[in-house]
file structure18.txt (compact mmCIF, C-alpha atoms and all ligand atoms)
# COMPACT_ATOMS: atom_id res chain seq x y z
CA MET A 1260 -94.32 -99.30 -144.63
CA SER A 1261 -97.64 -97.83 -143.61
CA GLN A 1262 -100.99 -99.04 -144.90
CA SER A 1263 -103.58 -96.35 -145.36
CA TYR A 1264 -107.00 -97.06 -143.87
CA VAL A 1265 -108.44 -94.62 -146.42
CA ILE A 1266 -111.91 -94.51 -144.98
CA ILE A 1267 -111.12 -94.31 -141.26
CA SER A 1268 -110.61 -90.90 -139.72
CA CYS A 1269 -108.97 -89.70 -136.53
CA PRO A 1270 -111.44 -88.96 -133.71
CA ASN A 1271 -109.31 -85.96 -132.67
CA CYS A 1272 -108.61 -84.13 -135.94
CA LYS A 1273 -110.67 -86.04 -138.60
CA SER A 1274 -107.69 -86.67 -140.89
CA VAL A 1275 -107.09 -90.13 -142.40
CA LEU A 1276 -105.62 -92.84 -140.17
CA SER A 1277 -102.86 -95.13 -141.47
CA LYS A 1278 -101.59 -98.40 -140.04
CA VAL A 1279 -98.07 -97.95 -138.73
CA GLY A 1280 -96.74 -100.99 -136.86
CA ASN A 1281 -99.38 -101.98 -134.33
CA SER A 1282 -101.20 -98.64 -134.34
CA LEU A 1283 -103.43 -96.39 -136.40
CA LYS A 1284 -101.82 -92.97 -136.74
CA CYS A 1285 -102.84 -89.68 -138.35
CA LYS A 1286 -100.59 -86.97 -139.81
CA HIS A 1287 -100.87 -85.00 -136.55
CA ALA A 1288 -99.35 -87.91 -134.59
CA HIS A 1289 -102.54 -88.97 -132.84
CA SER A 1290 -102.09 -92.69 -132.28
CA PHE A 1291 -104.44 -95.58 -131.44
CA ASP A 1292 -103.05 -99.04 -130.68
CA PHE A 1293 -104.50 -102.36 -131.79
CA ALA A 1294 -105.65 -104.35 -128.76
CA LYS A 1295 -104.46 -107.96 -128.45
CA GLU A 1296 -107.77 -109.21 -129.92
CA GLY A 1297 -107.12 -107.09 -133.05
CA TYR A 1298 -109.54 -104.16 -132.68
CA VAL A 1299 -108.82 -100.44 -132.23
CA ASN A 1300 -110.57 -98.22 -129.72
CA LEU A 1301 -111.40 -94.84 -131.32
CA LEU A 1302 -113.92 -93.79 -128.66
CA LEU A 1303 -112.57 -90.80 -126.76
CA ALA A 1304 -113.13 -90.61 -123.01
CA ASN A 1305 -115.38 -87.55 -123.42
CA GLN A 1306 -117.67 -89.50 -125.81
CA LYS A 1307 -118.62 -92.00 -123.10
CA LYS A 1308 -121.61 -91.51 -120.83
CA THR A 1309 -120.66 -94.54 -118.70
CA SER A 1310 -117.38 -96.38 -118.17
CA SER A 1311 -118.62 -99.42 -120.17
CA PRO A 1312 -121.16 -98.21 -122.73
CA GLY A 1313 -123.21 -100.56 -124.95
CA ASP A 1314 -124.08 -104.22 -124.51
CA ASN A 1315 -122.33 -106.05 -121.68
CA ARG A 1316 -120.29 -109.27 -121.86
CA GLU A 1317 -123.25 -111.48 -120.92
CA MET A 1318 -125.47 -110.03 -123.68
CA ILE A 1319 -122.72 -110.26 -126.30
CA THR A 1320 -121.85 -113.87 -125.39
CA ALA A 1321 -125.53 -114.85 -125.60
CA ARG A 1322 -126.00 -112.96 -128.90
CA ASP A 1323 -123.01 -114.61 -130.51
CA ALA A 1324 -124.06 -118.09 -129.32
CA PHE A 1325 -127.63 -117.55 -130.54
CA LEU A 1326 -126.71 -116.13 -133.95
CA SER A 1327 -124.17 -118.94 -134.46
CA THR A 1328 -127.06 -121.47 -134.45
CA GLY A 1329 -128.11 -119.96 -137.80
CA HIS A 1330 -131.69 -119.22 -136.67
CA PHE A 1331 -131.45 -115.65 -137.99
CA ASP A 1332 -129.63 -116.52 -141.22
CA PHE A 1333 -132.83 -116.00 -143.22
CA LEU A 1334 -132.21 -112.29 -142.59
CA ILE A 1335 -128.82 -112.53 -144.32
CA GLU A 1336 -130.38 -114.40 -147.24
CA GLY A 1337 -133.15 -111.79 -147.43
CA ILE A 1338 -130.74 -108.85 -147.56
CA GLU A 1339 -128.49 -110.58 -150.09
CA SER A 1340 -131.35 -111.42 -152.40
CA ILE A 1341 -132.85 -107.93 -152.26
CA LEU A 1342 -129.48 -106.37 -153.08
CA SER A 1343 -128.57 -108.76 -155.88
CA LEU A 1344 -131.97 -109.42 -157.42
CA SER A 1345 -133.38 -105.91 -157.54
CA ASN A 1346 -130.78 -104.45 -159.85
CA LEU A 1347 -129.06 -103.13 -156.76
CA ASP A 1348 -125.98 -104.72 -158.23
CA ILE A 1349 -123.37 -102.81 -156.32
CA VAL A 1350 -121.88 -105.95 -154.80
CA GLU A 1351 -121.43 -107.64 -158.16
CA SER A 1352 -120.12 -104.62 -160.03
CA SER A 1353 -117.09 -103.46 -158.10
CA ASP A 1354 -114.14 -105.16 -156.49
CA SER A 1355 -113.39 -102.48 -153.93
CA ILE A 1356 -116.54 -102.11 -151.90
CA ASN A 1357 -116.36 -100.54 -148.46
CA MET A 1358 -118.96 -101.91 -146.07
CA LEU A 1359 -119.65 -100.52 -142.63
CA ASP A 1360 -121.66 -102.42 -140.01
CA LEU A 1361 -122.79 -99.90 -137.42
CA GLY A 1362 -123.68 -101.34 -134.02
CA CYS A 1363 -122.10 -104.59 -135.19
CA GLY A 1364 -122.33 -106.45 -131.87
CA SER A 1365 -120.24 -109.62 -132.05
CA GLY A 1366 -119.76 -109.12 -135.81
CA TYR A 1367 -121.96 -112.03 -136.90
CA TYR A 1368 -123.52 -110.10 -139.78
CA THR A 1369 -120.33 -108.15 -140.55
CA ARG A 1370 -118.53 -111.38 -141.41
CA SER A 1371 -121.50 -113.32 -142.86
CA ILE A 1372 -123.16 -110.96 -145.33
CA PHE A 1373 -121.92 -111.60 -148.89
CA SER A 1374 -119.26 -113.80 -147.32
CA ASN A 1375 -118.00 -114.87 -150.76
CA SER A 1376 -117.54 -111.30 -152.02
CA LYS A 1377 -114.37 -109.28 -151.82
CA ILE A 1378 -115.60 -106.53 -149.53
CA ASN A 1379 -113.57 -104.28 -147.26
CA ARG A 1380 -115.54 -104.80 -144.03
CA VAL A 1381 -115.50 -102.55 -140.97
CA GLY A 1382 -117.57 -103.19 -137.84
CA VAL A 1383 -118.21 -100.48 -135.25
CA ASP A 1384 -119.77 -100.82 -131.83
CA ILE A 1385 -119.67 -98.76 -128.67
CA SER A 1386 -119.27 -101.94 -126.59
CA LYS A 1387 -115.67 -103.02 -126.07
CA PHE A 1388 -116.81 -106.58 -125.29
CA ALA A 1389 -118.68 -106.73 -128.60
CA VAL A 1390 -115.79 -105.48 -130.69
CA ALA A 1391 -113.24 -107.69 -128.88
CA LYS A 1392 -115.41 -110.76 -129.54
CA ALA A 1393 -115.88 -109.79 -133.19
CA ALA A 1394 -112.18 -109.11 -133.80
CA LYS A 1395 -111.14 -112.37 -132.15
CA LYS A 1396 -113.43 -114.39 -134.45
CA ASP A 1397 -112.80 -112.54 -137.70
CA LYS A 1398 -109.32 -111.55 -138.81
CA ASN A 1399 -110.47 -110.42 -142.28
CA SER A 1400 -112.45 -107.38 -141.15
CA THR A 1401 -111.52 -104.26 -139.20
CA TYR A 1402 -113.28 -103.69 -135.87
CA LEU A 1403 -113.45 -100.36 -134.06
CA VAL A 1404 -114.89 -99.18 -130.78
CA GLY A 1405 -116.82 -96.03 -131.67
CA SER A 1406 -120.22 -94.39 -131.64
CA VAL A 1407 -122.82 -94.33 -134.41
CA PHE A 1408 -123.47 -90.71 -133.45
CA ASP A 1409 -119.97 -89.55 -134.39
CA LEU A 1410 -118.53 -91.78 -137.08
CA ASN A 1411 -114.78 -92.09 -137.60
CA PHE A 1412 -115.07 -92.23 -141.38
CA ILE A 1413 -114.34 -89.69 -144.05
CA GLU A 1414 -117.06 -88.14 -146.22
CA GLU A 1415 -118.43 -90.18 -149.14
CA SER A 1416 -116.30 -93.25 -148.46
CA VAL A 1417 -118.82 -96.05 -147.84
CA ASP A 1418 -120.73 -98.17 -150.40
CA LEU A 1419 -122.83 -100.32 -148.07
CA LEU A 1420 -123.90 -99.31 -144.60
CA LEU A 1421 -125.49 -102.01 -142.49
CA ASN A 1422 -127.39 -101.21 -139.29
CA ILE A 1423 -129.20 -104.10 -137.64
CA PHE A 1424 -131.23 -103.58 -134.44
CA SER A 1425 -128.89 -100.75 -133.43
CA PRO A 1426 -129.18 -96.98 -133.01
CA ILE A 1427 -128.34 -94.67 -135.92
CA ASP A 1428 -127.83 -91.02 -136.86
CA LEU A 1429 -129.13 -90.39 -140.39
CA ASN A 1430 -126.99 -87.27 -140.85
CA GLU A 1431 -123.88 -89.33 -140.16
CA VAL A 1432 -125.16 -92.01 -142.57
CA SER A 1433 -125.57 -89.46 -145.36
CA ARG A 1434 -122.19 -87.87 -144.59
CA VAL A 1435 -120.19 -91.09 -145.01
CA LEU A 1436 -122.15 -92.80 -147.82
CA LYS A 1437 -120.89 -92.49 -151.39
CA SER A 1438 -123.30 -91.18 -153.99
CA ASN A 1439 -125.72 -94.08 -154.70
CA GLY A 1440 -124.33 -95.99 -151.69
CA TYR A 1441 -126.85 -98.15 -149.82
CA PHE A 1442 -128.11 -97.89 -146.28
CA ILE A 1443 -129.56 -101.18 -145.03
CA LYS A 1444 -131.56 -100.70 -141.86
CA VAL A 1445 -133.14 -103.65 -140.04
CA ILE A 1446 -135.67 -103.19 -137.27
CA PRO A 1447 -137.93 -105.60 -135.41
CA ALA A 1448 -141.25 -105.98 -137.25
CA GLU A 1449 -144.56 -105.90 -135.36
CA ASN A 1450 -144.67 -109.40 -133.85
CA HIS A 1451 -140.97 -110.01 -133.32
CA MET A 1452 -140.48 -112.20 -130.21
CA ARG A 1453 -144.17 -111.83 -129.36
CA GLU A 1454 -144.28 -115.12 -127.38
CA VAL A 1455 -141.34 -114.02 -125.21
CA ALA A 1456 -142.91 -110.61 -124.58
CA GLU A 1457 -146.16 -112.30 -123.56
CA LEU A 1458 -144.30 -114.13 -120.79
CA VAL A 1459 -143.41 -110.85 -119.08
CA TYR A 1460 -146.11 -108.35 -120.10
CA ASP A 1461 -149.88 -108.64 -119.46
CA LYS A 1462 -150.63 -107.26 -122.90
CA PHE A 1463 -148.39 -107.48 -125.95
CA ILE A 1464 -147.64 -104.12 -127.52
CA SER A 1465 -146.33 -104.54 -131.06
CA HIS A 1466 -143.02 -102.96 -132.07
CA LYS A 1467 -143.31 -99.49 -133.56
CA SER A 1468 -140.62 -97.33 -135.15
CA ASN A 1469 -140.55 -93.95 -136.88
CA ILE A 1470 -137.35 -94.69 -138.77
CA LYS A 1471 -139.08 -95.14 -142.14
CA GLU A 1472 -140.70 -91.70 -141.83
CA GLU A 1473 -137.37 -90.22 -140.73
CA ILE A 1474 -135.61 -91.68 -143.77
CA LEU A 1475 -138.41 -90.48 -146.08
CA ALA A 1476 -138.08 -86.98 -144.65
CA HIS A 1477 -134.30 -86.93 -145.03
CA PRO A 1478 -133.25 -84.82 -148.04
CA LYS A 1479 -130.25 -87.02 -148.92
CA LEU A 1480 -131.80 -90.47 -148.56
CA GLU A 1481 -134.28 -92.24 -150.78
CA ILE A 1482 -136.01 -95.51 -149.84
CA VAL A 1483 -135.67 -98.08 -152.63
CA LYS A 1484 -137.16 -101.15 -150.98
CA CYS A 1485 -138.91 -102.27 -147.78
CA GLN A 1486 -139.54 -105.89 -147.00
CA SER A 1487 -140.71 -107.87 -143.98
CA LEU A 1488 -139.45 -111.36 -143.25
CA THR A 1489 -141.19 -113.54 -140.68
CA LYS A 1490 -140.56 -117.06 -139.42
CA ARG A 1491 -142.02 -118.94 -136.50
CA MET A 1492 -139.37 -121.25 -135.14
CA SER A 1493 -138.98 -123.99 -132.52
CA LEU A 1494 -136.22 -123.06 -130.14
CA SER A 1495 -134.42 -125.29 -127.64
CA THR A 1496 -134.18 -124.27 -123.98
CA GLU A 1497 -130.61 -123.06 -124.54
CA ASP A 1498 -131.68 -121.01 -127.61
CA VAL A 1499 -134.57 -119.42 -125.69
CA LYS A 1500 -132.30 -118.46 -122.79
CA ASN A 1501 -129.71 -116.97 -125.15
CA LEU A 1502 -132.40 -115.10 -127.10
CA VAL A 1503 -133.78 -113.58 -123.89
CA THR A 1504 -130.31 -112.76 -122.52
CA MET A 1505 -129.30 -110.89 -125.68
CA THR A 1506 -132.24 -108.47 -125.33
CA PRO A 1507 -133.56 -106.08 -122.67
CA TYR A 1508 -136.38 -108.62 -122.02
CA LEU A 1509 -133.88 -110.24 -119.66
CA TYR A 1510 -134.46 -107.48 -117.10
CA LYS A 1511 -138.20 -108.20 -117.06
CA PHE A 1512 -137.67 -111.81 -115.94
CA THR A 1513 -137.29 -112.78 -112.29
CA GLU A 1514 -134.43 -115.23 -111.74
CA GLU A 1515 -136.98 -117.95 -111.08
CA ASN A 1516 -138.92 -117.28 -114.29
CA PHE A 1517 -135.73 -117.18 -116.31
CA ASP A 1518 -134.56 -120.50 -114.86
CA SER A 1519 -137.87 -122.13 -115.73
CA LEU A 1520 -137.71 -121.14 -119.42
CA SER A 1521 -137.85 -124.14 -121.72
CA GLU A 1522 -138.23 -124.95 -125.41
CA MET A 1523 -140.87 -122.93 -127.20
CA GLU A 1524 -142.10 -121.59 -130.53
CA VAL A 1525 -141.09 -117.99 -131.16
CA THR A 1526 -142.02 -115.59 -133.95
CA ILE A 1527 -139.01 -113.85 -135.45
CA SER A 1528 -139.87 -110.94 -137.68
CA PHE A 1529 -137.60 -108.42 -139.36
CA GLU A 1530 -138.31 -105.34 -141.40
CA ILE A 1531 -135.60 -104.52 -143.91
CA ILE A 1532 -135.46 -100.95 -145.22
CA ILE A 1533 -133.04 -100.22 -148.04
CA ALA A 1534 -132.30 -96.59 -148.85
CA ARG A 1535 -129.86 -94.90 -151.18
CA PHE A 1536 -127.83 -91.75 -150.79
CA ILE A 1537 -128.90 -89.13 -153.33
CA GLN A 1538 -126.97 -85.93 -154.10
C1 LIG B 1 -129.30 -105.26 -130.38
S1 LIG B 1 -127.56 -105.18 -130.56
C2 LIG B 1 -127.37 -105.57 -132.29
C3 LIG B 1 -125.99 -106.06 -132.64
C4 LIG B 1 -125.84 -106.61 -134.08
N1 LIG B 1 -126.15 -105.64 -135.09
C5 LIG B 1 -126.71 -107.83 -134.25
O1 LIG B 1 -127.81 -107.69 -134.80
O2 LIG B 1 -126.30 -108.89 -133.79
C6 LIG B 1 -127.28 -103.42 -130.50
C7 LIG B 1 -125.81 -103.05 -130.51
O3 LIG B 1 -125.70 -101.61 -130.61
C8 LIG B 1 -124.61 -101.22 -129.80
N2 LIG B 1 -124.74 -99.77 -129.52
C9 LIG B 1 -125.59 -99.15 -128.65
N3 LIG B 1 -125.39 -97.81 -128.70
C10 LIG B 1 -124.42 -97.58 -129.62
C11 LIG B 1 -123.77 -96.40 -130.12
N4 LIG B 1 -124.09 -95.18 -129.68
N5 LIG B 1 -122.80 -96.54 -131.04
C12 LIG B 1 -122.43 -97.77 -131.49
N6 LIG B 1 -123.02 -98.92 -131.06
C13 LIG B 1 -124.00 -98.82 -130.15
C14 LIG B 1 -124.68 -102.13 -128.60
O4 LIG B 1 -123.47 -102.21 -127.87
C15 LIG B 1 -125.08 -103.46 -129.25
O5 LIG B 1 -123.95 -104.25 -129.58
ZN ZN B 2 -105.48 -86.82 -135.57
call {"tool": "encode", "arguments": {"input": "structure18.txt", "output": "structure tokens"}}
result
Amino acid sequence: MSQSYVIISCPNCKSVLSKVGNSLKCKHAHSFDFAKEGYVNLLLANQKKTSSPGDNREMITARDAFLSTGHFDFLIEGIESILSLSNLDIVESSDSINMLDLGCGSGYYTRSIFSNSKINRVGVDISKFAVAKAAKKDKNSTYLVGSVFDLNFIEESVDLLLNIFSPIDLNEVSRVLKSNGYFIKVIPAENHMREVAELVYDKFISHKSNIKEEILAHPKLEIVKCQSLTKRMSLSTEDVKNLVTMTPYLYKFTEENFDSLSEMEVTISFEIIIARFIQ
């Protein structure tokens, strides 16, 4: 018997994909096999700019090790409390919620957000290493290799769309979100990792993003809440090295400077933007 993955569409013809044996197949017989780790690669060769797009194995391993320490869990708590306390009660009110985590990395947030709720979770990342790691750790969610710029999901099929520190295409967001579905965008706030940046730059330049203005200007998206969360935390040498390795700061360090990293206090600061799809 085939199981219909109602929200996932074929990268070739855009029709719905169904699980048949160990593959996802569409009605036109396009077929995509599950890899041994449990993910499916829906990224077509002509959608790749390099042979291994996205974060590499070293970055993904460091990211997963760092996030597993729980240092960033206050972000999860922040998102959960905004969504459940502000009458954004979508997660409480339905038992068939489709959640997409775009640019999911190793799937830490995909599997951890509202972990007690019955949510149909799908993580997408352009990095095969990321998706393989995520799928190996989490057998309850679906993981796909794909691009945020060309989503393999049918129109108006998603209730919650998560996008943490990853690129995004707002037109694709508004295409796949259901009416009143939520888009949760997280970006680094001004002083995020300031102390690390100061080790490699003469002058710290705070993080800037135009995404809020872009969402405000989008005719189909309406911002319902913005909130910053900041914590200064003491990190062990291993944590600091993983934190640096999971970001492009790594390339600013000489080998010698990286090796000499040791425990330090680091500011972690997130900006959460919650928007809703409006008709
Ligand atoms: C900074 S990491 C964030 C990962 C995860 N959201 C987290 O916070 O742990 C950015 C992720 O975006 C992915 N990425 C970059 N370009 C992408 C694209 N065009 N489509 C999908 N994912 C992409 C990278 O491979 C990487 O895993
Ligand atoms: Zn097809």
call {"tool": "residues_around", "arguments": {"input": "structure18.txt", "residues": "A:Ser1311", "least_positions_apart": "4", "cutoff": "8 Å", "atoms": "only C-alpha atoms", "output": "VMD selection string"}}
result
chain A and resid 1307 1315 1386 to 1387
call {"tool": "residues_near_ligand", "arguments": {"input": "structure18.txt", "ligand": "ligand LIG 1 (chain B)", "cutoff": "9 Å", "atoms": "all atoms listed in the file", "output": "number ranges by chain"}}
result
A: 1312-1315, 1318-1319, 1322-1323, 1326, 1360-1369, 1383-1390, 1404-1410, 1421-1427, 1445, 1505-1507
call {"tool": "write_last_selection", "arguments": {"input": "structure18.txt", "atoms": "C-alpha atoms", "output": "CSV table (one decimal), in the frame of the given file"}}
result
chain,number,residue,atom,x,y,z
A,1312,PRO,CA,-121.2,-98.2,-122.7
A,1313,GLY,CA,-123.2,-100.6,-125.0
A,1314,ASP,CA,-124.1,-104.2,-124.5
A,1315,ASN,CA,-122.3,-106.0,-121.7
A,1318,MET,CA,-125.5,-110.0,-123.7
A,1319,ILE,CA,-122.7,-110.3,-126.3
A,1322,ARG,CA,-126.0,-113.0,-128.9
A,1323,ASP,CA,-123.0,-114.6,-130.5
A,1326,LEU,CA,-126.7,-116.1,-134.0
A,1360,ASP,CA,-121.7,-102.4,-140.0
A,1361,LEU,CA,-122.8,-99.9,-137.4
A,1362,GLY,CA,-123.7,-101.3,-134.0
A,1363,CYS,CA,-122.1,-104.6,-135.2
A,1364,GLY,CA,-122.3,-106.4,-131.9
A,1365,SER,CA,-120.2,-109.6,-132.0
A,1366,GLY,CA,-119.8,-109.1,-135.8
A,1367,TYR,CA,-122.0,-112.0,-136.9
A,1368,TYR,CA,-123.5,-110.1,-139.8
A,1369,THR,CA,-120.3,-108.2,-140.6
A,1383,VAL,CA,-118.2,-100.5,-135.2
A,1384,ASP,CA,-119.8,-100.8,-131.8
A,1385,ILE,CA,-119.7,-98.8,-128.7
A,1386,SER,CA,-119.3,-101.9,-126.6
A,1387,LYS,CA,-115.7,-103.0,-126.1
A,1388,PHE,CA,-116.8,-106.6,-125.3
A,1389,ALA,CA,-118.7,-106.7,-128.6
A,1390,VAL,CA,-115.8,-105.5,-130.7
A,1404,VAL,CA,-114.9,-99.2,-130.8
A,1405,GLY,CA,-116.8,-96.0,-131.7
A,1406,SER,CA,-120.2,-94.4,-131.6
A,1407,VAL,CA,-122.8,-94.3,-134.4
A,1408,PHE,CA,-123.5,-90.7,-133.4
A,1409,ASP,CA,-120.0,-89.6,-134.4
A,1410,LEU,CA,-118.5,-91.8,-137.1
A,1421,LEU,CA,-125.5,-102.0,-142.5
A,1422,ASN,CA,-127.4,-101.2,-139.3
A,1423,ILE,CA,-129.2,-104.1,-137.6
A,1424,PHE,CA,-131.2,-103.6,-134.4
A,1425,SER,CA,-128.9,-100.8,-133.4
A,1426,PRO,CA,-129.2,-97.0,-133.0
A,1427,ILE,CA,-128.3,-94.7,-135.9
A,1445,VAL,CA,-133.1,-103.6,-140.0
A,1505,MET,CA,-129.3,-110.9,-125.7
A,1506,THR,CA,-132.2,-108.5,-125.3
A,1507,PRO,CA,-133.6,-106.1,-122.7
call {"tool": "residues_around", "arguments": {"input": "structure18.txt", "residues": "A:Ile1267", "least_positions_apart": "6", "cutoff": "6 Å", "atoms": "all atoms listed in the file", "output": "PyMOL selection string"}}
result
chain A and resi 1275-1276+1411-1412
call {"tool": "residues_near_ligand", "arguments": {"input": "structure18.txt", "ligand": "ligand ZN 2 (chain B)", "cutoff": "8 Å", "atoms": "only C-alpha atoms and all ligand atoms", "output": "number ranges by chain"}}
result
A: 1268-1276, 1284-1290
call {"tool": "atom_distance", "arguments": {"input": "structure18.txt", "atom1": "atom CA of A:Ile1341", "atom2": "atom CA of A:Ile1482"}}
result
13.0 Å
call {"tool": "closest_residue", "arguments": {"input": "structure18.txt", "among": "A:Phe1463, A:Phe1331, A:Phe1536, A:Phe1325", "to": "A:Leu1420", "atoms": "all atoms listed in the file"}}
result
A:Phe1536
call {"tool": "atom_distance", "arguments": {"input": "structure18.txt", "atom1": "atom CA of A:Ile1464", "atom2": "atom CA of A:Ala1324"}}
result
27.5 Å
call {"tool": "closest_residue", "arguments": {"input": "structure18.txt", "among": "A:Ser1400, A:Gln1538, A:Gln1486, A:Ser1374", "to": "A:Ser1438", "atoms": "all atoms listed in the file"}}
result
A:Gln1538
call {"tool": "residues_around", "arguments": {"input": "structure18.txt", "residues": "A:Thr1401", "least_positions_apart": "3", "cutoff": "10 Å", "atoms": "only C-alpha atoms", "output": "list in words"}}
result
Tyr1264, Gly1297, Tyr1298, Val1299, Leu1359, Thr1369, Asn1379, Arg1380, Val1381, Gly1382, Val1383, Val1390, Ala1393, Ala1394, Asp1397 and Lys1398 of chain A
call {"tool": "atom_distance", "arguments": {"input": "structure18.txt", "atom1": "atom CA of A:Arg1535", "atom2": "atom CA of A:Phe1442"}}
result
6.0 Å
call {"tool": "closest_atom_pairs", "arguments": {"input": "structure18.txt", "of": "stretch 1314-1413 of chain A", "to": "stretch 1510-1533 of chain A", "cutoff": "12 Å", "atoms": "all atoms listed in the file", "output": "tab-separated table"}}
result
residue	atom	partner	partner_atom	distance
A:Met1318	CA	A:Tyr1510	CA	11.4
A:His1330	CA	A:Ile1527	CA	9.2
A:Phe1331	CA	A:Ile1527	CA	8.2
A:Asp1332	CA	A:Ile1527	CA	11.3
A:Phe1333	CA	A:Phe1529	CA	9.8
A:Leu1334	CA	A:Phe1529	CA	7.4
A:Ile1335	CA	A:Ile1531	CA	10.5
A:Glu1336	CA	A:Ile1531	CA	11.7
A:Gly1337	CA	A:Ile1531	CA	8.4
A:Ile1338	CA	A:Ile1531	CA	7.5
A:Glu1339	CA	A:Ile1531	CA	11.2
A:Ser1340	CA	A:Ile1531	CA	11.7
A:Ile1341	CA	A:Ile1533	CA	8.8
A:Leu1342	CA	A:Ile1533	CA	8.7
A:Ser1345	CA	A:Ile1533	CA	11.1
A:Leu1347	CA	A:Ile1533	CA	10.0
